[in-house]
file final.txt (compact mmCIF, C-alpha atoms and all ligand atoms)
# COMPACT_ATOMS: atom_id res chain seq x y z
CA MET A 1 0.00 0.00 0.00
CA GLN A 2 1.42 3.38 -1.04
CA ASP A 3 -0.12 5.46 1.73
CA LEU A 4 -2.06 5.40 4.99
CA SER A 5 -5.35 6.45 3.41
CA LEU A 6 -5.24 3.28 1.27
CA HIS A 7 -4.43 1.10 4.29
CA ILE A 8 -7.44 2.64 6.03
CA LEU A 9 -9.68 2.08 3.00
CA ASP A 10 -8.57 -1.55 2.97
CA LEU A 11 -9.04 -2.13 6.72
CA ILE A 12 -12.52 -0.62 6.62
CA GLN A 13 -13.37 -3.07 3.82
CA ASN A 14 -13.00 -5.76 6.49
CA SER A 15 -15.54 -3.93 8.70
CA ILE A 16 -17.91 -3.69 5.73
CA ALA A 17 -17.45 -7.39 4.94
CA ALA A 18 -18.27 -8.08 8.61
CA GLY A 19 -21.66 -6.41 8.11
CA ALA A 20 -21.02 -3.32 10.24
CA SER A 21 -23.65 -0.56 10.21
CA LEU A 22 -21.49 1.95 12.08
CA ILE A 23 -17.77 2.43 11.51
CA LYS A 24 -15.65 4.92 13.39
CA LEU A 25 -12.19 6.10 12.32
CA THR A 26 -10.08 8.18 14.68
CA ILE A 27 -6.72 9.60 13.64
CA TYR A 28 -4.63 11.46 16.17
CA GLU A 29 -1.42 13.26 15.31
CA ASP A 30 0.42 14.14 18.49
CA LYS A 31 3.26 16.26 17.19
CA GLU A 32 4.79 16.90 20.60
CA LYS A 33 5.11 13.21 21.36
CA ASN A 34 5.89 12.36 17.73
CA TRP A 35 3.13 9.76 17.86
CA LEU A 36 0.40 8.87 15.39
CA THR A 37 -2.57 6.70 16.31
CA ILE A 38 -5.11 5.28 13.88
CA ASP A 39 -8.10 3.49 15.39
CA ILE A 40 -10.95 1.78 13.58
CA GLU A 41 -14.00 0.53 15.43
CA ASP A 42 -16.96 -1.31 13.95
CA ASN A 43 -20.13 -3.00 15.13
CA GLY A 44 -19.82 -5.88 12.67
CA LYS A 45 -20.08 -9.57 13.42
CA GLY A 46 -16.70 -9.71 15.20
CA MET A 47 -14.37 -12.67 15.56
CA ASP A 48 -13.87 -15.47 18.04
CA LYS A 49 -10.43 -16.31 19.46
CA ILE A 50 -9.50 -18.68 16.66
CA ALA A 51 -10.51 -16.25 13.91
CA MET A 52 -8.53 -13.48 15.66
CA ARG A 53 -5.38 -15.55 15.71
CA ARG A 54 -5.86 -16.37 12.06
CA ALA A 55 -6.47 -12.71 11.18
CA ALA A 56 -3.26 -11.54 12.86
CA ASP A 57 -1.06 -14.29 11.48
CA PRO A 58 -0.43 -14.21 7.73
CA PHE A 59 1.27 -17.63 7.81
CA TYR A 60 -1.79 -19.27 9.24
CA THR A 61 -3.96 -17.74 6.53
CA THR A 62 -1.46 -18.78 3.85
CA ARG A 63 -1.79 -22.41 4.90
CA SER A 64 -5.57 -22.45 4.92
CA THR A 65 -7.38 -23.56 1.80
CA ARG A 66 -9.16 -20.24 1.47
CA LYS A 67 -7.81 -17.08 -0.07
CA VAL A 68 -4.72 -15.55 1.52
CA GLY A 69 -5.55 -12.52 3.67
CA LEU A 70 -3.19 -9.61 3.15
CA GLY A 71 -4.84 -6.45 4.42
CA LEU A 72 -4.26 -6.75 8.15
CA PRO A 73 -0.74 -8.26 8.05
CA LEU A 74 0.39 -5.48 5.68
CA PHE A 75 -0.85 -2.84 8.11
CA VAL A 76 0.72 -4.54 11.15
CA ALA A 77 4.06 -4.79 9.32
CA MET A 78 3.91 -1.08 8.49
CA ALA A 79 3.17 -0.07 12.11
CA GLN A 80 5.98 -2.24 13.47
CA ARG A 81 8.41 -0.90 10.90
CA CYS A 82 7.60 2.60 12.22
CA GLY A 83 8.39 1.77 15.84
CA GLY A 84 4.83 0.95 16.89
CA ASP A 85 2.25 -1.81 16.90
CA VAL A 86 -1.38 -2.78 16.33
CA VAL A 87 -3.79 -4.10 18.94
CA LEU A 88 -6.75 -6.08 17.68
CA LYS A 89 -9.79 -6.57 19.89
CA SER A 90 -12.94 -8.32 18.87
CA THR A 91 -16.06 -9.74 20.44
CA LYS A 92 -18.10 -12.19 18.44
CA GLY A 93 -21.49 -10.68 17.69
CA LYS A 94 -20.48 -7.23 18.97
CA GLY A 95 -17.74 -5.80 16.80
CA THR A 96 -14.05 -5.26 16.28
CA SER A 97 -11.56 -2.57 17.10
CA ILE A 98 -8.12 -2.06 15.64
CA LYS A 99 -5.89 0.34 17.52
CA SER A 100 -2.53 1.28 16.12
CA GLY A 101 0.19 3.66 17.22
CA PHE A 102 3.56 4.45 15.68
CA GLN A 103 6.07 7.24 15.20
CA LEU A 104 4.73 10.21 13.27
CA ASN A 105 8.12 11.23 11.95
CA HIS A 106 9.52 7.78 11.35
CA ILE A 107 11.47 7.65 8.11
CA ASP A 108 9.44 4.62 6.95
CA ARG A 109 6.05 6.12 7.77
CA PRO A 110 3.99 6.17 4.56
CA PRO A 111 2.42 9.54 3.66
CA PHE A 112 -1.20 10.09 4.71
CA GLY A 113 -2.44 10.21 1.13
CA LYS A 114 -5.91 11.50 0.28
CA LEU A 115 -7.91 10.78 3.42
CA GLU A 116 -10.89 12.71 2.00
CA ASP A 117 -10.96 10.40 -1.03
CA THR A 118 -10.96 7.32 1.19
CA ILE A 119 -13.92 8.54 3.25
CA THR A 120 -15.75 9.82 0.16
CA THR A 121 -15.32 6.44 -1.53
CA LEU A 122 -16.60 4.61 1.54
CA ILE A 123 -19.71 6.79 1.89
CA LEU A 124 -20.50 6.72 -1.84
CA CYS A 125 -20.19 2.94 -2.11
CA ASN A 126 -21.88 2.12 1.20
CA PRO A 127 -24.76 4.56 1.56
CA ASP A 128 -26.47 2.38 4.17
CA ILE A 129 -23.51 2.44 6.57
CA ASP A 130 -22.84 5.30 8.97
CA PHE A 131 -19.29 6.59 9.23
CA VAL A 132 -17.71 8.75 11.89
CA TYR A 133 -14.35 10.28 11.09
CA ILE A 134 -12.43 12.19 13.75
CA HIS A 135 -9.05 13.68 12.95
CA LYS A 136 -7.06 15.39 15.68
CA VAL A 137 -3.82 17.33 15.40
CA ASN A 138 -2.59 18.19 18.87
CA ASP A 139 -5.62 20.05 20.35
CA ASP A 140 -7.41 20.78 17.08
CA GLU A 141 -10.14 18.47 15.84
CA PHE A 142 -12.10 17.86 12.67
CA LYS A 143 -15.17 15.64 12.79
CA LEU A 144 -17.52 14.21 10.19
CA ASP A 145 -20.52 12.09 11.13
CA THR A 146 -22.83 10.84 8.37
CA ARG A 147 -25.69 10.72 10.89
CA ASP A 148 -25.50 14.52 11.21
CA ILE A 149 -25.49 14.84 7.42
CA ARG A 150 -28.50 12.55 7.00
CA GLN A 151 -30.43 14.59 9.53
CA ILE A 152 -30.01 17.69 7.38
CA ILE A 153 -30.51 16.19 3.92
CA GLY A 154 -33.57 14.15 4.88
CA ASP A 155 -34.94 12.42 1.78
CA ILE A 156 -31.95 13.21 -0.46
CA PRO A 157 -29.79 10.08 -0.72
CA ILE A 158 -26.34 10.58 0.78
CA GLU A 159 -24.79 9.10 -2.40
CA HIS A 160 -26.30 11.90 -4.52
CA PRO A 161 -23.42 13.45 -6.54
CA GLU A 162 -24.03 16.92 -5.08
CA ILE A 163 -23.92 15.62 -1.52
CA ILE A 164 -20.87 13.44 -2.18
CA ASN A 165 -19.03 16.38 -3.75
CA TRP A 166 -19.90 18.55 -0.79
CA ILE A 167 -18.68 15.91 1.68
CA GLN A 168 -15.39 15.60 -0.19
CA SER A 169 -14.66 19.33 -0.17
CA TYR A 170 -15.91 19.70 3.40
CA MET A 171 -13.30 17.16 4.51
CA LYS A 172 -10.58 18.72 2.42
CA ASP A 173 -11.26 22.16 3.94
CA GLY A 174 -11.66 20.76 7.43
CA LEU A 175 -8.36 18.89 7.32
CA ASN A 176 -6.64 21.97 5.89
CA GLU A 177 -7.97 24.06 8.73
CA ILE A 178 -6.33 21.86 11.36
CA ASN A 179 -3.29 21.08 9.21
CA GLY A 180 -4.26 17.42 9.36
CA GLY A 181 -3.01 14.63 7.14
CA VAL A 182 -0.26 16.74 5.62
CA GLN A 183 2.27 14.50 3.80
CA MET B 1 -14.60 26.96 5.32
CA LYS B 2 -17.63 24.93 4.38
CA THR B 3 -20.43 24.65 6.89
CA LEU B 4 -23.25 22.17 7.41
CA LYS B 5 -25.65 25.02 6.52
CA GLU B 6 -24.69 24.61 2.86
CA LEU B 7 -26.13 21.11 2.98
CA GLU B 8 -29.55 22.58 3.70
CA GLU B 9 -29.19 24.72 0.57
CA ILE B 10 -28.19 21.71 -1.51
CA ARG B 11 -31.21 19.87 -0.15
CA GLN B 12 -33.56 22.66 -1.22
CA ARG B 13 -31.91 22.88 -4.61
CA THR B 14 -31.91 19.15 -5.40
CA LEU B 15 -35.20 18.16 -3.84
CA GLU B 16 -37.25 18.53 -7.05
CA SER B 17 -34.74 16.96 -9.41
CA VAL B 18 -33.82 14.03 -7.25
CA ASN B 19 -35.09 10.58 -7.99
CA LEU B 20 -36.45 9.38 -4.68
CA ARG B 21 -37.54 5.97 -5.90
CA LYS B 22 -35.62 3.12 -4.38
CA ASP B 23 -35.81 1.05 -7.56
CA ARG B 24 -33.15 2.81 -9.57
CA THR B 25 -33.29 1.97 -13.25
CA GLY B 26 -30.09 3.59 -14.49
CA ALA B 27 -26.60 2.27 -15.13
CA ARG B 28 -24.51 0.72 -12.39
CA VAL B 29 -20.72 0.99 -12.21
CA VAL B 30 -19.08 -1.44 -9.80
CA VAL B 31 -15.42 -1.11 -8.81
CA GLY B 32 -13.50 -4.03 -7.27
CA MET B 33 -12.32 -2.91 -3.84
CA ALA B 34 -10.46 -5.85 -2.25
CA THR B 35 -6.85 -5.47 -1.08
CA CYS B 36 -5.54 -6.33 -4.56
CA GLY B 37 -7.89 -3.80 -6.20
CA ILE B 38 -7.03 -1.01 -3.75
CA ALA B 39 -3.29 -1.64 -4.10
CA ALA B 40 -3.63 -1.55 -7.89
CA GLY B 41 -5.42 1.82 -7.86
CA ALA B 42 -9.16 1.17 -7.51
CA ARG B 43 -9.81 4.37 -5.57
CA PRO B 44 -8.54 6.82 -8.24
CA ILE B 45 -10.67 4.89 -10.76
CA LEU B 46 -13.75 5.37 -8.63
CA MET B 47 -12.93 9.06 -8.14
CA ALA B 48 -12.46 9.43 -11.91
CA PHE B 49 -15.96 8.04 -12.54
CA LEU B 50 -17.33 10.46 -9.95
CA GLU B 51 -15.54 13.38 -11.62
CA GLU B 52 -16.78 12.47 -15.13
CA ILE B 53 -20.34 12.03 -13.88
CA LYS B 54 -20.13 15.46 -12.26
CA ASN B 55 -18.57 17.18 -15.27
CA ARG B 56 -21.17 15.75 -17.63
CA SER B 57 -24.02 16.15 -15.12
CA LEU B 58 -25.07 12.56 -15.80
CA LYS B 59 -28.19 11.46 -13.95
CA ASP B 60 -29.21 8.15 -12.47
CA ILE B 61 -25.85 6.39 -12.51
CA THR B 62 -24.92 4.40 -9.41
CA VAL B 63 -21.24 4.04 -8.56
CA THR B 64 -20.53 1.32 -6.05
CA GLN B 65 -18.00 -1.28 -4.92
CA THR B 66 -17.64 -5.00 -4.60
CA GLY B 67 -15.05 -7.27 -3.00
CA CYS B 68 -12.66 -9.32 -5.05
CA ILE B 69 -13.73 -9.64 -8.72
CA GLY B 70 -11.28 -12.49 -9.06
CA VAL B 71 -8.30 -11.87 -11.26
CA CYS B 72 -5.77 -9.88 -9.21
CA ARG B 73 -3.34 -9.29 -12.09
CA LEU B 74 -6.08 -7.56 -14.11
CA GLU B 75 -6.99 -5.05 -11.36
CA PRO B 76 -8.25 -2.35 -11.18
CA MET B 77 -11.40 -3.94 -12.56
CA VAL B 78 -14.78 -2.35 -13.20
CA GLU B 79 -18.12 -3.91 -14.05
CA VAL B 80 -20.70 -1.91 -15.97
CA TYR B 81 -24.36 -2.89 -15.90
CA LEU B 82 -26.78 -1.22 -18.27
CA PRO B 83 -30.47 -2.04 -17.90
CA GLY B 84 -31.42 -5.02 -20.08
CA LYS B 85 -27.82 -5.63 -21.16
CA ASP B 86 -25.18 -8.18 -20.19
CA LYS B 87 -22.55 -7.18 -17.67
CA VAL B 88 -19.34 -5.77 -19.19
CA THR B 89 -16.06 -6.23 -17.27
CA TYR B 90 -13.26 -3.75 -17.89
CA VAL B 91 -9.72 -4.57 -16.72
CA LYS B 92 -6.47 -2.74 -15.92
CA MET B 93 -8.35 0.51 -15.72
CA THR B 94 -6.74 3.95 -15.69
CA PRO B 95 -8.34 7.38 -15.21
CA GLU B 96 -7.84 7.96 -18.96
CA LYS B 97 -9.71 4.75 -19.79
CA VAL B 98 -12.51 5.86 -17.45
CA LYS B 99 -13.11 8.93 -19.62
CA ARG B 100 -13.64 6.74 -22.67
CA VAL B 101 -15.85 4.25 -20.86
CA VAL B 102 -18.07 7.09 -19.66
CA ALA B 103 -18.22 8.81 -23.06
CA GLU B 104 -18.64 5.69 -25.19
CA HIS B 105 -20.39 3.16 -22.96
CA LEU B 106 -22.41 5.13 -20.40
CA VAL B 107 -23.35 8.01 -22.69
CA ASN B 108 -23.40 6.41 -26.16
CA ASN B 109 -24.15 2.80 -25.33
CA GLN B 110 -21.05 1.48 -27.14
CA VAL B 111 -18.94 -1.04 -25.24
CA VAL B 112 -15.21 -0.16 -25.36
CA GLN B 113 -14.18 -3.63 -26.53
CA GLU B 114 -10.41 -3.10 -26.30
CA PHE B 115 -10.59 -2.54 -22.52
CA THR B 116 -12.74 -5.57 -21.73
CA ILE B 117 -11.64 -8.74 -20.00
CA GLY B 118 -12.33 -10.67 -23.21
CA ALA B 119 -9.81 -8.57 -25.14
CA ALA B 120 -7.24 -8.88 -22.33
CA GLU B 121 -7.49 -12.66 -22.26
CA LYS B 122 -7.12 -12.92 -26.02
CA ASN B 123 -3.80 -11.09 -25.75
CA ASP B 124 -2.44 -13.52 -23.16
N1 LIG A 201 -13.25 -5.75 11.28
C1 LIG A 201 -13.33 -7.09 11.17
N2 LIG A 201 -14.44 -7.75 11.57
C2 LIG A 201 -14.52 -9.09 11.46
N3 LIG A 201 -13.56 -9.88 10.94
C3 LIG A 201 -12.43 -9.28 10.51
C4 LIG A 201 -12.24 -7.88 10.61
N4 LIG A 201 -11.02 -7.57 10.13
C5 LIG A 201 -10.48 -8.73 9.73
N5 LIG A 201 -11.31 -9.78 9.96
C6 LIG A 201 -11.05 -11.20 9.67
O1 LIG A 201 -9.67 -11.36 9.43
C7 LIG A 201 -9.44 -11.91 8.12
C8 LIG A 201 -8.16 -11.36 7.55
O2 LIG A 201 -8.29 -10.01 7.17
P1 LIG A 201 -7.36 -9.43 6.03
O3 LIG A 201 -7.77 -8.03 5.74
O4 LIG A 201 -5.96 -9.62 6.46
O5 LIG A 201 -7.62 -10.38 4.78
P2 LIG A 201 -8.94 -10.50 3.88
O6 LIG A 201 -9.82 -9.31 4.09
O7 LIG A 201 -9.54 -11.84 4.11
O8 LIG A 201 -8.36 -10.48 2.43
P3 LIG A 201 -7.69 -9.22 1.71
O9 LIG A 201 -7.62 -8.10 2.72
O10 LIG A 201 -6.33 -9.69 1.30
O11 LIG A 201 -8.58 -8.87 0.56
C9 LIG A 201 -10.69 -11.59 7.34
O12 LIG A 201 -10.91 -12.52 6.33
C10 LIG A 201 -11.77 -11.66 8.42
O13 LIG A 201 -12.17 -12.99 8.62
MG MG A 202 -9.05 -7.30 4.10
call {"tool": "encode", "arguments": {"input": "final.txt", "output": "structure tokens", "more": "lines below"}}
Ligand SMILES: Nc1ncnc2c1ncn2[C@@H]1O[C@H](COP(=O)(O)OP(=O)(O)OP(=O)(O)O)[C@@H](O)[C@H]1O
Ligand SMILES: [Mg+2]
result
Amino acid sequence: MQDLSLHILDLIQNSIAAGASLIKLTIYEDKEKNWLTIDIEDNGKGMDKIAMRRAADPFYTTRSTRKVGLGLPLFVAMAQRCGGDVVLKSTKGKGTSIKSGFQLNHIDRPPFGKLEDTITTLILCNPDIDFVYIHKVNDDEFKLDTRDIRQIIGDIPIEHPEIINWIQSYMKDGLNEINGGVQ
Amino acid sequence: MKTLKELEEIRQRTLESVNLRKDRTGARVVVGMATCGIAAGARPILMAFLEEIKNRSLKDITVTQTGCIGVCRLEPMVEVYLPGKDKVTYVKMTPEKVKRVVAEHLVNNQVVQEFTIGAAEKND
């Protein structure tokens, strides 16, 4: 994966595949501590202990007869390369959370990429799922919650081109304002 | 800085023109969005469709995603469904190819044969 926004798009595909109806992404850039955290929480079908072990271990997946899973191991490898790690928690029937933290200024840290394109893509392609996106840079915060948007647009489908375009530029402006997701 | 207030204006403006029926009848564009698709550039393809649809003010076209379409080496892949027609699968898409698929297939109903999976497999 070339950048973090693509990793995030890929990880959230797992939440979608797990049937989540609410997916929350929180990115926190702590410049003083030189620490970046990316957390994804969903209310999908979750995993039991065995499935969790399989999800975290690429070798186990490789040996199974089913398709090799790449998304999660790629992300874990990236976090570890950048002096951090990923913690996976899941409760069967309740949901899954992926919490990651690694060095913001690490030489191997991939660029953020176009976070607004990742969220726009997710909303456009999954109009029945609610997304919450919180991006913090030190004490400044940007927040997008599709439930707030739905409340305002009422009968207009959220995937309507005009709404999608607005969401995309709203995020771009909002991230600019807090200097979030820069390189 | 954009505000949520603008959404209210968009709502007022689009309310009459919007098709509120759930049973959409228009074209459907489906982009493969598994790990292989994303790594190969599925997202810029999807954004390119969005951009073309906006620029041409096309109505009633659904852009959506699916998991793995199957052939990783041919990603990014896109399926186009027109009402009453067979599915067409385009492979190794680029933003430039998207422009032609929109102009020729979605607007003028002409499949862009050279970009299809059939053409790609013949070349193998
Ligand atoms: N949020 C989640 N909720 C439930 N199960 C999950 C979640 N994330 C991962 N899993 C499980 O872990 C497995 C491995 O995930 P991973 O992203 O590594 O591979 P994949 O999605 O199967 O395939 P790929 O990402 O290569 O297309 C998944 O198949 C799924 O069973
Ligand atoms: Mg995956």
call {"tool": "interface_residues", "arguments": {"input": "final.txt", "of": "chain A", "to": "chain B", "cutoff": "7 Å", "atoms": "only C-alpha atoms", "output": "ChimeraX atom specification"}}
result
/A:1,6,10,70-71,124-125,152-153,156,161,170,173
call {"tool": "closest_residue", "arguments": {"input": "final.txt", "among": "B:Cys68, B:Glu79, B:Glu104, B:Glu52", "to": "ligand MG 202 (chain A)", "atoms": "all atoms listed in the file"}}
result
B:Cys68
call {"tool": "closest_residue", "arguments": {"input": "final.txt", "among": "B:Asn55, B:Thr89, B:Ser17, B:Asn123", "to": "Ala103 of chain B", "atoms": "all atoms listed in the file"}}
result
B:Asn55
call {"tool": "axis_aligned_box", "arguments": {"input": "final.txt", "around": "segment 46-57 of chain B", "padding_each_side": "3 Å", "output": "JSON"}}
result
{"center_x": -18.2, "center_y": 11.3, "center_z": -12.9, "size_x": 17.6, "size_y": 17.8, "size_z": 15.5}
call {"tool": "closest_residue", "arguments": {"input": "final.txt", "among": "A:Gly95, A:Gly154, A:Gly180, A:Gly84", "to": "ligand LIG 201 (chain A)", "atoms": "all atoms listed in the file"}}
result
A:Gly95
call {"tool": "closest_atom_pairs", "arguments": {"input": "final.txt", "of": "chain A", "to": "ligand LIG 201 (chain A)", "cutoff": "8 Å", "atoms": "all atoms listed in the file", "output": "CSV"}}
result
residue,atom,partner,partner_atom,distance
A:Asp10,CA,A:LIG201,O9,6.6
A:Leu11,CA,A:LIG201,O3,6.1
A:Ile12,CA,A:LIG201,N1,7.0
A:Gln13,CA,A:LIG201,O6,7.2
A:Asn14,CA,A:LIG201,N4,4.5
A:Ser15,CA,A:LIG201,N1,3.9
A:Ile16,CA,A:LIG201,N1,7.5
A:Ala17,CA,A:LIG201,N2,7.3
A:Ala18,CA,A:LIG201,C2,4.8
A:Glu41,CA,A:LIG201,N1,7.6
A:Asp42,CA,A:LIG201,N1,6.4
A:Gly44,CA,A:LIG201,N2,5.8
A:Lys45,CA,A:LIG201,C2,5.9
A:Gly46,CA,A:LIG201,C2,4.4
A:Met47,CA,A:LIG201,C2,5.4
A:Ala51,CA,A:LIG201,O13,6.4
A:Met52,CA,A:LIG201,O1,6.7
A:Arg54,CA,A:LIG201,O1,6.8
A:Ala55,CA,A:LIG201,O1,3.9
A:Ala56,CA,A:LIG201,O4,7.2
A:Pro58,CA,A:LIG201,O4,7.3
A:Thr61,CA,A:LIG201,C8,7.7
A:Lys67,CA,A:LIG201,O7,6.9
A:Val68,CA,A:LIG201,O10,6.1
A:Gly69,CA,A:LIG201,O5,3.2
A:Leu70,CA,A:LIG201,O10,3.6
A:Gly71,CA,A:LIG201,O3,3.6
A:Leu72,CA,A:LIG201,O4,3.7
A:Pro73,CA,A:LIG201,O4,5.6
A:Leu74,CA,A:LIG201,O4,7.6
A:Ser90,CA,A:LIG201,N2,7.5
A:Gly95,CA,A:LIG201,N2,6.5
A:Thr96,CA,A:LIG201,N1,5.1
A:Ser97,CA,A:LIG201,N1,6.8
A:Ile98,CA,A:LIG201,N1,7.7
call {"tool": "residues_around", "arguments": {"input": "final.txt", "residues": "Val86 of chain A", "least_positions_apart": "3", "cutoff": "10 Å", "atoms": "only C-alpha atoms", "output": "list in words"}}
result
Thr37, Ile38, Asp39, Ala56, Leu72, Pro73, Phe75, Val76, Ala77, Met78, Ala79, Gln80, Lys89, Ile98, Lys99, Ser100, Gly101 and Phe102 of chain A
call {"tool": "atom_distance", "arguments": {"input": "final.txt", "atom1": "atom CA of Lys31 of chain A", "atom2": "atom CA of Leu9 of chain A"}}
result
23.9 Å
call {"tool": "atom_distance", "arguments": {"input": "final.txt", "atom1": "atom CA of Met77 of chain B", "atom2": "atom CA of Phe131 of chain A"}}
result
25.5 Å
call {"tool": "atom_distance", "arguments": {"input": "final.txt", "atom1": "atom CA of Ile40 of chain A", "atom2": "atom CA of Tyr28 of chain A"}}
result
11.8 Å
call {"tool": "residues_around", "arguments": {"input": "final.txt", "residues": "Lys85 of chain B", "least_positions_apart": "2", "cutoff": "12 Å", "atoms": "all atoms listed in the file", "output": "mmCIF file with C-alpha atoms, in the frame of the given file"}}
result
data_model
loop_
_atom_site.group_PDB
_atom_site.id
_atom_site.type_symbol
_atom_site.label_atom_id
_atom_site.label_comp_id
_atom_site.auth_asym_id
_atom_site.auth_seq_id
_atom_site.Cartn_x
_atom_site.Cartn_y
_atom_site.Cartn_z
ATOM 1 C CA GLY B 26 -30.090 3.590 -14.490
ATOM 2 C CA ALA B 27 -26.600 2.270 -15.130
ATOM 3 C CA ARG B 28 -24.510 0.720 -12.390
ATOM 4 C CA VAL B 80 -20.700 -1.910 -15.970
ATOM 5 C CA TYR B 81 -24.360 -2.890 -15.900
ATOM 6 C CA LEU B 82 -26.780 -1.220 -18.270
ATOM 7 C CA PRO B 83 -30.470 -2.040 -17.900
ATOM 8 C CA LYS B 87 -22.550 -7.180 -17.670
ATOM 9 C CA VAL B 88 -19.340 -5.770 -19.190
ATOM 10 C CA HIS B 105 -20.390 3.160 -22.960
ATOM 11 C CA ASN B 109 -24.150 2.800 -25.330
ATOM 12 C CA GLN B 110 -21.050 1.480 -27.140
ATOM 13 C CA VAL B 111 -18.940 -1.040 -25.240
#
call {"tool": "closest_residue", "arguments": {"input": "final.txt", "among": "A:Asp130, A:Leu36, A:Arg81, A:Ile8", "to": "ligand MG 202 (chain A)", "atoms": "only C-alpha atoms and all ligand atoms"}}
result
A:Ile8
call {"tool": "closest_residue", "arguments": {"input": "final.txt", "among": "A:Tyr133, A:Arg53, A:His7, A:Ile27", "to": "ligand MG 202 (chain A)", "atoms": "all atoms listed in the file"}}
result
A:His7
call {"tool": "residues_around", "arguments": {"input": "final.txt", "residues": "Ile107 of chain A", "least_positions_apart": "2", "cutoff": "12 Å", "atoms": "all atoms listed in the file", "output": "PyMOL selection string"}}
result
chain A and resi 78+81-83+102-105+109-111
call {"tool": "residues_around", "arguments": {"input": "final.txt", "residues": "Thr116 of chain B", "least_positions_apart": "3", "cutoff": "8 Å", "atoms": "only C-alpha atoms", "output": "list of chain:residue names"}}
result
B:Val88, B:Thr89, B:Tyr90, B:Val91, B:Val112, B:Gln113, B:Ala119, B:Ala120
call {"tool": "residues_near_point", "arguments": {"input": "final.txt", "point": "(-22.7, 16.5, 1.6)", "cutoff": "6 Å", "atoms": "only C-alpha atoms", "output": "PyMOL selection string"}}
result
(chain A and resi 163-164+166-167) or (chain B and resi 7)
call {"tool": "write_last_selection", "arguments": {"input": "final.txt", "atoms": "C-alpha atoms", "output": "PDB file, in the frame of the given file"}}
result
ATOM      1  CA  ILE A 163     -23.920  15.620  -1.520  1.00  0.00           C
ATOM      2  CA  ILE A 164     -20.870  13.440  -2.180  1.00  0.00           C
ATOM      3  CA  TRP A 166     -19.900  18.550  -0.790  1.00  0.00           C
ATOM      4  CA  ILE A 167     -18.680  15.910   1.680  1.00  0.00           C
TER       5      ILE A 167
ATOM      6  CA  LEU B   7     -26.130  21.110   2.980  1.00  0.00           C
TER       7      LEU B   7
END
